[in-house]
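Visitor: I'd like to ask some things about the structure below.
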Amino acid sequence: MMQLFKSLVRSRVEYCCPLWNPLNVADIQKVEDIQRYFTRRIAGFHNMDYWERLSSLKLLSLQRRRERYMIIHVWKLLNERTPNDINMEFSHNKRLGTKVRIPAFNKKAPLSAVTLYDASFAIHAGKLWNTLPEDITAIPLLDSFKIQLGKFLRQFPDRPPVKGYSTQNRNSIIDWTNQSGGPQMARRPC
């Protein structure tokens, strides 16, 4: 069942997902319902709640996978493995490491413009990147980066917003690191 899901369903759901990544809780729930529905059909897992199924099947939520892809793409931009056609700017600080410069936005702009700004790849991916500790952002090899990124992401609960479930936050790495005191505190398991 999982082989079918990964090859036939998840591959379509995740196509170009860093570009269309939803931030609205209702939209996250709609996308997450696809994996939630499918995992409920696996023999032996129908009595577990969705979060337990994710843990037992060693799956990341679709939301967490999208954020992972976004972070990996920022690494590729930083290390010139892909063209930086969005002109993402990086700065290096001895204490914090390499961070993305988040451009300022007009605070008098209408709410709809602020929502679009926050949801754009350059802003959201930049904020995700800025949650990473310096020792991870400095890794020069992609495979090593992915391994360390995976370890970092597993430190946070993966509890995507799903209808009928009570959540602490929207499950974004940004929310978890802000909740735990910022990126410096993020190294400790939650």
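FYI, nothing fancy with the structure tokens labels: chains A, B, ... in order, residues from 1 per chain, ligands from 1 as they appear.
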List the neighbours of Trp20 of chain A out to 10 Å using only C-alpha atoms; skip same-chain residues closer than 6 positions along the sequence, and give me the result as a PyMOL selection string.
Guide: chain A and resi 14+66+119-121
Visitor: Please save C-alpha atoms of the selected residues as a JSON list (two decimals), in the first residue's frame.
Guide:
[["chain", "number", "residue", "atom", "x", "y", "z"],
["A", 14, "GLU", "CA", 4.02, 17.07, -4.21],
["A", 66, "ARG", "CA", 6.97, 20.56, 1.62],
["A", 119, "ALA", "CA", 3.14, 32.94, 1.36],
["A", 120, "SER", "CA", 5.68, 33.66, -1.38],
["A", 121, "PHE", "CA", 8.54, 31.20, -1.77]]
Visitor: Contacts of segment 136-143 of chain A at 7 Å or less, counting only C-alpha atoms, minus same-chain residues fewer than 4 places along, as JSON, numbers by chain?
Guide: {"A": [97, 98, 132, 147, 148, 149]}
Visitor: What is the atom CA of Val25 of chain A to atom CA of Ile72 of chain A distance in Å?
Guide: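 Computed distance, atom CA of Val25 of chain A to atom CA of Ile72 of chain A, equals 23.2 Å.
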Visitor: Excluding same-chain residues fewer than 2 positions from segment 56-65 of chain A, what lies within 8 Å of it counting only C-alpha atoms, as a ChimeraX atom specification?
Guide: /A:14,28,31-32,35,52-54,67-69,158-160,171-173
Visitor: Taking the chain letters and numbering used in this document, name the residues of chain A that DSSP puts in alpha helix (DSSP H), as an mmCIF file with N, CA and C atoms, in the first residue's frame.
Guide:
data_model
loop_
_atom_site.group_PDB
_atom_site.id
_atom_site.type_symbol
_atom_site.label_atom_id
_atom_site.label_comp_id
_atom_site.auth_asym_id
_atom_site.auth_seq_id
_atom_site.Cartn_x
_atom_site.Cartn_y
_atom_site.Cartn_z
ATOM 1 N N MET A 2 1.918 1.257 0.835
ATOM 2 C CA MET A 2 2.759 2.457 0.904
ATOM 3 C C MET A 2 3.520 2.680 -0.397
ATOM 4 N N GLN A 3 3.946 1.594 -1.037
ATOM 5 C CA GLN A 3 4.637 1.728 -2.319
ATOM 6 C C GLN A 3 3.719 2.379 -3.356
ATOM 7 N N LEU A 4 2.457 1.938 -3.385
ATOM 8 C CA LEU A 4 1.486 2.542 -4.291
ATOM 9 C C LEU A 4 1.267 4.012 -3.962
ATOM 10 N N SER A 11 3.557 11.447 -5.232
ATOM 11 C CA SER A 11 4.358 12.111 -6.267
ATOM 12 C C SER A 11 3.548 13.186 -6.990
ATOM 13 N N ARG A 12 2.267 12.969 -7.180
ATOM 14 C CA ARG A 12 1.413 13.974 -7.833
ATOM 15 C C ARG A 12 1.062 15.112 -6.887
ATOM 16 N N VAL A 13 0.826 14.777 -5.636
ATOM 17 C CA VAL A 13 0.465 15.805 -4.646
ATOM 18 C C VAL A 13 1.627 16.761 -4.410
ATOM 19 N N CYS A 17 5.552 21.495 -5.252
ATOM 20 C CA CYS A 17 4.958 21.940 -3.985
ATOM 21 C C CYS A 17 5.656 23.125 -3.323
ATOM 22 N N PRO A 18 6.949 23.363 -3.505
ATOM 23 C CA PRO A 18 7.500 24.579 -2.891
ATOM 24 C C PRO A 18 6.867 25.863 -3.428
ATOM 25 N N LEU A 19 6.346 25.817 -4.639
ATOM 26 C CA LEU A 19 5.741 27.018 -5.218
ATOM 27 C C LEU A 19 4.307 27.241 -4.760
ATOM 28 N N TRP A 20 3.566 26.162 -4.553
ATOM 29 C CA TRP A 20 2.163 26.327 -4.172
ATOM 30 C C TRP A 20 1.914 26.010 -2.700
ATOM 31 N N VAL A 25 -4.559 27.245 7.311
ATOM 32 C CA VAL A 25 -4.813 25.973 8.000
ATOM 33 C C VAL A 25 -5.825 25.121 7.240
ATOM 34 N N ALA A 26 -6.883 25.720 6.723
ATOM 35 C CA ALA A 26 -7.894 24.952 5.982
ATOM 36 C C ALA A 26 -7.291 24.306 4.743
ATOM 37 N N ASP A 27 -6.404 25.012 4.054
ATOM 38 C CA ASP A 27 -5.753 24.453 2.866
ATOM 39 C C ASP A 27 -4.768 23.349 3.243
ATOM 40 N N ILE A 28 -4.035 23.537 4.331
ATOM 41 C CA ILE A 28 -3.117 22.493 4.806
ATOM 42 C C ILE A 28 -3.913 21.235 5.121
ATOM 43 N N GLN A 29 -5.065 21.399 5.765
ATOM 44 C CA GLN A 29 -5.904 20.254 6.113
ATOM 45 C C GLN A 29 -6.377 19.514 4.871
ATOM 46 N N LYS A 30 -6.780 20.243 3.842
ATOM 47 C CA LYS A 30 -7.257 19.611 2.610
ATOM 48 C C LYS A 30 -6.167 18.737 1.982
ATOM 49 N N VAL A 31 -4.967 19.263 1.915
ATOM 50 C CA VAL A 31 -3.874 18.495 1.326
ATOM 51 C C VAL A 31 -3.508 17.313 2.233
ATOM 52 N N GLU A 32 -3.450 17.546 3.517
ATOM 53 C CA GLU A 32 -3.077 16.498 4.466
ATOM 54 C C GLU A 32 -4.122 15.386 4.501
ATOM 55 N N ASP A 33 -5.377 15.713 4.213
ATOM 56 C CA ASP A 33 -6.441 14.707 4.202
ATOM 57 C C ASP A 33 -6.188 13.599 3.186
ATOM 58 N N ILE A 34 -5.444 13.895 2.139
ATOM 59 C CA ILE A 34 -5.125 12.876 1.138
ATOM 60 C C ILE A 34 -4.315 11.752 1.791
ATOM 61 N N GLN A 35 -3.243 12.110 2.487
ATOM 62 C CA GLN A 35 -2.407 11.096 3.142
ATOM 63 C C GLN A 35 -3.147 10.486 4.335
ATOM 64 N N ARG A 36 -3.896 11.295 5.042
ATOM 65 C CA ARG A 36 -4.670 10.808 6.189
ATOM 66 C C ARG A 36 -5.661 9.731 5.745
ATOM 67 N N TYR A 37 -6.385 9.987 4.672
ATOM 68 C CA TYR A 37 -7.357 9.037 4.149
ATOM 69 C C TYR A 37 -6.673 7.744 3.727
ATOM 70 N N PHE A 38 -5.572 7.871 2.999
ATOM 71 C CA PHE A 38 -4.897 6.684 2.472
ATOM 72 C C PHE A 38 -4.313 5.830 3.593
ATOM 73 N N THR A 39 -3.655 6.443 4.573
ATOM 74 C CA THR A 39 -3.031 5.663 5.647
ATOM 75 C C THR A 39 -4.069 4.975 6.526
ATOM 76 N N ARG A 40 -5.279 5.514 6.591
ATOM 77 C CA ARG A 40 -6.345 4.885 7.368
ATOM 78 C C ARG A 40 -6.769 3.557 6.728
ATOM 79 N N TYR A 50 -4.335 9.906 13.107
ATOM 80 C CA TYR A 50 -3.417 10.234 12.016
ATOM 81 C C TYR A 50 -1.990 10.452 12.502
ATOM 82 N N TRP A 51 -1.835 11.153 13.602
ATOM 83 C CA TRP A 51 -0.488 11.425 14.111
ATOM 84 C C TRP A 51 0.206 10.130 14.515
ATOM 85 N N GLU A 52 -0.520 9.185 15.104
ATOM 86 C CA GLU A 52 0.060 7.887 15.470
ATOM 87 C C GLU A 52 0.440 7.099 14.223
ATOM 88 N N ARG A 53 -0.394 7.170 13.183
ATOM 89 C CA ARG A 53 -0.072 6.467 11.932
ATOM 90 C C ARG A 53 1.195 7.034 11.311
ATOM 91 N N LEU A 54 1.342 8.359 11.322
ATOM 92 C CA LEU A 54 2.574 8.957 10.779
ATOM 93 C C LEU A 54 3.793 8.421 11.509
ATOM 94 N N SER A 55 3.710 8.371 12.820
ATOM 95 C CA SER A 55 4.829 7.895 13.625
ATOM 96 C C SER A 55 5.102 6.413 13.372
ATOM 97 N N SER A 56 4.067 5.593 13.388
ATOM 98 C CA SER A 56 4.235 4.145 13.200
ATOM 99 C C SER A 56 4.760 3.795 11.812
ATOM 100 N N LEU A 62 2.683 15.642 4.910
ATOM 101 C CA LEU A 62 2.919 16.295 3.623
ATOM 102 C C LEU A 62 3.382 17.732 3.823
ATOM 103 N N GLN A 63 2.889 18.369 4.870
ATOM 104 C CA GLN A 63 3.315 19.730 5.197
ATOM 105 C C GLN A 63 4.805 19.767 5.531
ATOM 106 N N ARG A 64 5.255 18.854 6.368
ATOM 107 C CA ARG A 64 6.672 18.824 6.762
ATOM 108 C C ARG A 64 7.551 18.504 5.562
ATOM 109 N N ARG A 65 7.077 17.637 4.671
ATOM 110 C CA ARG A 65 7.844 17.314 3.461
ATOM 111 C C ARG A 65 7.973 18.552 2.569
ATOM 112 N N ARG A 66 6.893 19.339 2.441
ATOM 113 C CA ARG A 66 6.971 20.559 1.622
ATOM 114 C C ARG A 66 8.000 21.524 2.201
ATOM 115 N N GLU A 67 7.988 21.674 3.513
ATOM 116 C CA GLU A 67 8.956 22.579 4.134
ATOM 117 C C GLU A 67 10.382 22.064 3.944
ATOM 118 N N ARG A 68 10.555 20.770 4.019
ATOM 119 C CA ARG A 68 11.882 20.168 3.788
ATOM 120 C C ARG A 68 12.357 20.481 2.371
ATOM 121 N N TYR A 69 11.479 20.312 1.381
ATOM 122 C CA TYR A 69 11.842 20.611 -0.004
ATOM 123 C C TYR A 69 12.228 22.077 -0.171
ATOM 124 N N MET A 70 11.500 22.951 0.497
ATOM 125 C CA MET A 70 11.802 24.376 0.395
ATOM 126 C C MET A 70 13.188 24.681 0.957
ATOM 127 N N ILE A 71 13.507 24.089 2.091
ATOM 128 C CA ILE A 71 14.822 24.302 2.711
ATOM 129 C C ILE A 71 15.928 23.767 1.811
ATOM 130 N N ILE A 72 15.708 22.602 1.237
ATOM 131 C CA ILE A 72 16.710 22.016 0.329
ATOM 132 C C ILE A 72 16.906 22.922 -0.885
ATOM 133 N N HIS A 73 15.833 23.503 -1.398
ATOM 134 C CA HIS A 73 15.973 24.398 -2.546
ATOM 135 C C HIS A 73 16.770 25.657 -2.173
ATOM 136 N N VAL A 74 16.571 26.165 -0.976
ATOM 137 C CA VAL A 74 17.356 27.322 -0.534
ATOM 138 C C VAL A 74 18.835 26.936 -0.446
ATOM 139 N N TRP A 75 19.125 25.727 0.045
ATOM 140 C CA TRP A 75 20.520 25.254 0.091
ATOM 141 C C TRP A 75 21.105 25.251 -1.321
ATOM 142 N N LYS A 76 20.318 24.789 -2.291
ATOM 143 C CA LYS A 76 20.792 24.756 -3.684
ATOM 144 C C LYS A 76 21.039 26.164 -4.219
ATOM 145 N N LEU A 77 20.189 27.109 -3.844
ATOM 146 C CA LEU A 77 20.407 28.497 -4.257
ATOM 147 C C LEU A 77 21.695 29.051 -3.646
ATOM 148 N N LEU A 78 21.864 28.802 -2.354
ATOM 149 C CA LEU A 78 23.050 29.284 -1.643
ATOM 150 C C LEU A 78 24.330 28.705 -2.237
ATOM 151 N N LEU A 111 -4.228 43.737 3.930
ATOM 152 C CA LEU A 111 -4.007 42.401 4.484
ATOM 153 C C LEU A 111 -3.809 41.348 3.401
ATOM 154 N N SER A 112 -4.530 41.467 2.296
ATOM 155 C CA SER A 112 -4.386 40.482 1.216
ATOM 156 C C SER A 112 -2.974 40.503 0.636
ATOM 157 N N ALA A 113 -2.374 41.675 0.546
ATOM 158 C CA ALA A 113 -1.003 41.782 0.040
ATOM 159 C C ALA A 113 -0.013 41.196 1.040
ATOM 160 N N VAL A 114 -0.252 41.401 2.317
ATOM 161 C CA VAL A 114 0.622 40.840 3.356
ATOM 162 C C VAL A 114 0.559 39.316 3.316
ATOM 163 N N THR A 115 -0.632 38.770 3.132
ATOM 164 C CA THR A 115 -0.805 37.319 3.056
ATOM 165 C C THR A 115 -0.045 36.748 1.866
ATOM 166 N N LEU A 116 -0.152 37.405 0.716
ATOM 167 C CA LEU A 116 0.588 36.958 -0.471
ATOM 168 C C LEU A 116 2.088 37.060 -0.262
ATOM 169 N N TYR A 117 2.520 38.121 0.364
ATOM 170 C CA TYR A 117 3.942 38.330 0.667
ATOM 171 C C TYR A 117 4.460 37.189 1.549
ATOM 172 N N ASP A 118 3.751 36.906 2.652
ATOM 173 C CA ASP A 118 4.179 35.850 3.577
ATOM 174 C C ASP A 118 4.169 34.473 2.933
ATOM 175 N N ALA A 119 3.261 34.245 1.992
ATOM 176 C CA ALA A 119 3.139 32.938 1.355
ATOM 177 C C ALA A 119 4.106 32.740 0.195
ATOM 178 N N PHE A 121 7.417 32.118 -2.018
ATOM 179 C CA PHE A 121 8.535 31.204 -1.770
ATOM 180 C C PHE A 121 9.706 31.926 -1.123
ATOM 181 N N ALA A 122 10.085 33.068 -1.644
ATOM 182 C CA ALA A 122 11.269 33.772 -1.139
ATOM 183 C C ALA A 122 11.143 34.110 0.342
ATOM 184 N N ILE A 123 9.961 34.480 0.789
ATOM 185 C CA ILE A 123 9.775 34.867 2.188
ATOM 186 C C ILE A 123 9.634 33.641 3.076
ATOM 187 N N HIS A 124 8.719 32.730 2.711
ATOM 188 C CA HIS A 124 8.475 31.563 3.570
ATOM 189 C C HIS A 124 9.696 30.645 3.624
ATOM 190 N N ALA A 125 10.300 30.378 2.478
ATOM 191 C CA ALA A 125 11.494 29.528 2.461
ATOM 192 C C ALA A 125 12.648 30.191 3.210
ATOM 193 N N GLY A 126 12.753 31.513 3.086
ATOM 194 C CA GLY A 126 13.793 32.237 3.821
ATOM 195 C C GLY A 126 13.604 32.119 5.324
ATOM 196 N N LYS A 127 12.369 32.240 5.784
ATOM 197 C CA LYS A 127 12.091 32.095 7.217
ATOM 198 C C LYS A 127 12.380 30.670 7.684
ATOM 199 N N LEU A 128 12.047 29.684 6.860
ATOM 200 C CA LEU A 128 12.359 28.291 7.214
ATOM 201 C C LEU A 128 13.871 28.093 7.329
ATOM 202 N N TRP A 129 14.597 28.612 6.351
ATOM 203 C CA TRP A 129 16.061 28.495 6.364
ATOM 204 C C TRP A 129 16.651 29.140 7.616
ATOM 205 N N GLU A 134 23.539 27.026 12.693
ATOM 206 C CA GLU A 134 24.707 27.318 11.858
ATOM 207 C C GLU A 134 25.419 26.060 11.395
ATOM 208 N N ASP A 135 25.512 25.039 12.231
ATOM 209 C CA ASP A 135 26.247 23.833 11.832
ATOM 210 C C ASP A 135 25.569 23.100 10.679
ATOM 211 N N ILE A 136 24.286 23.278 10.489
ATOM 212 C CA ILE A 136 23.593 22.643 9.366
ATOM 213 C C ILE A 136 23.714 23.504 8.109
ATOM 214 N N THR A 137 23.559 24.810 8.238
ATOM 215 C CA THR A 137 23.618 25.677 7.054
ATOM 216 C C THR A 137 25.010 25.701 6.430
ATOM 217 N N LEU A 142 25.340 18.122 -0.490
ATOM 218 C CA LEU A 142 23.892 17.990 -0.459
ATOM 219 C C LEU A 142 23.433 16.767 0.332
ATOM 220 N N ASP A 143 24.027 15.618 0.100
ATOM 221 C CA ASP A 143 23.596 14.413 0.810
ATOM 222 C C ASP A 143 23.808 14.550 2.315
ATOM 223 N N SER A 144 24.929 15.102 2.721
ATOM 224 C CA SER A 144 25.191 15.333 4.153
ATOM 225 C C SER A 144 24.206 16.343 4.714
ATOM 226 N N PHE A 145 23.897 17.377 3.925
ATOM 227 C CA PHE A 145 22.928 18.377 4.354
ATOM 228 C C PHE A 145 21.561 17.739 4.584
ATOM 229 N N LYS A 146 21.121 16.890 3.645
ATOM 230 C CA LYS A 146 19.817 16.247 3.784
ATOM 231 C C LYS A 146 19.753 15.370 5.030
ATOM 232 N N ILE A 147 20.819 14.657 5.338
ATOM 233 C CA ILE A 147 20.846 13.804 6.531
ATOM 234 C C ILE A 147 20.721 14.641 7.793
ATOM 235 N N GLN A 148 21.508 15.700 7.892
ATOM 236 C CA GLN A 148 21.458 16.555 9.081
ATOM 237 C C GLN A 148 20.140 17.315 9.179
ATOM 238 N N LEU A 149 19.594 17.712 8.032
ATOM 239 C CA LEU A 149 18.290 18.373 8.020
ATOM 240 C C LEU A 149 17.220 17.417 8.539
ATOM 241 N N GLY A 150 17.282 16.163 8.117
ATOM 242 C CA GLY A 150 16.328 15.164 8.597
ATOM 243 C C GLY A 150 16.400 14.992 10.104
ATOM 244 N N LYS A 151 17.607 14.960 10.644
ATOM 245 C CA LYS A 151 17.776 14.842 12.104
ATOM 246 C C LYS A 151 17.204 16.063 12.809
ATOM 247 N N PHE A 152 17.436 17.237 12.246
ATOM 248 C CA PHE A 152 16.915 18.472 12.833
ATOM 249 C C PHE A 152 15.385 18.470 12.825
ATOM 250 N N LEU A 153 14.789 18.079 11.704
ATOM 251 C CA LEU A 153 13.333 18.093 11.590
ATOM 252 C C LEU A 153 12.669 17.076 12.521
ATOM 253 N N ILE A 173 7.840 24.423 11.000
ATOM 254 C CA ILE A 173 9.106 24.499 11.740
ATOM 255 C C ILE A 173 9.266 25.910 12.316
ATOM 256 N N ILE A 174 8.778 26.907 11.600
ATOM 257 C CA ILE A 174 8.846 28.289 12.087
ATOM 258 C C ILE A 174 8.091 28.407 13.404
ATOM 259 N N ASP A 175 6.903 27.832 13.463
ATOM 260 C CA ASP A 175 6.100 27.888 14.691
ATOM 261 C C ASP A 175 6.767 27.136 15.833
ATOM 262 N N TRP A 176 7.300 25.946 15.549
ATOM 263 C CA TRP A 176 7.928 25.148 16.608
ATOM 264 C C TRP A 176 9.170 25.826 17.164
ATOM 265 N N THR A 177 9.985 26.450 16.301
ATOM 266 C CA THR A 177 11.194 27.098 16.807
ATOM 267 C C THR A 177 10.854 28.367 17.569
ATOM 268 N N ASN A 178 9.827 29.100 17.129
ATOM 269 C CA ASN A 178 9.392 30.286 17.880
ATOM 270 C C ASN A 178 8.838 29.882 19.241
ATOM 271 N N GLN A 179 8.135 28.781 19.281
ATOM 272 C CA GLN A 179 7.540 28.292 20.525
ATOM 273 C C GLN A 179 8.601 27.829 21.509
#
Visitor: May I have all residues of chain A that DSSP, computed from the backbone, assigns to strand (DSSP E), given as a list in words?
Guide: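 Of chain A, the ones in strand (DSSP E) are Phe90, Ser91, His92, Asn93, Gly97, Thr98, Lys99 and Val100 of chain A.
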Visitor: Restricting it to C-alpha atoms, dump the selection as a compact mmCIF listing (two decimals), in the first residue's frame.
Guide:
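So the final result, stored in part-v9.txt, reads:
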# COMPACT_ATOMS: atom_id res chain seq x y z
CA PHE A 90 22.19 35.74 1.99
CA SER A 91 24.27 37.20 4.77
CA HIS A 92 26.84 35.52 6.97
CA ASN A 93 27.20 36.13 10.68
CA GLY A 97 25.90 31.38 10.26
CA THR A 98 24.39 32.00 6.84
CA LYS A 99 20.91 33.48 6.93
CA VAL A 100 18.47 34.70 4.28
Visitor: Between A:Pro103, A:Phe45, A:Thr131, A:Pro157, which has the minimum distance to Glu89 of chain A (counting only C-alpha atoms)?
Guide: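 Nearest candidate to Glu89 of chain A out of A:Pro103, A:Phe45, A:Thr131, A:Pro157: A:Pro103.
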Visitor: What gap, in Å, lies between atom CA of Asn21 of chain A and atom CA of Asp49 of chain A?
Guide: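 Computed distance, atom CA of Asn21 of chain A to atom CA of Asp49 of chain A, equals 24.3 Å.
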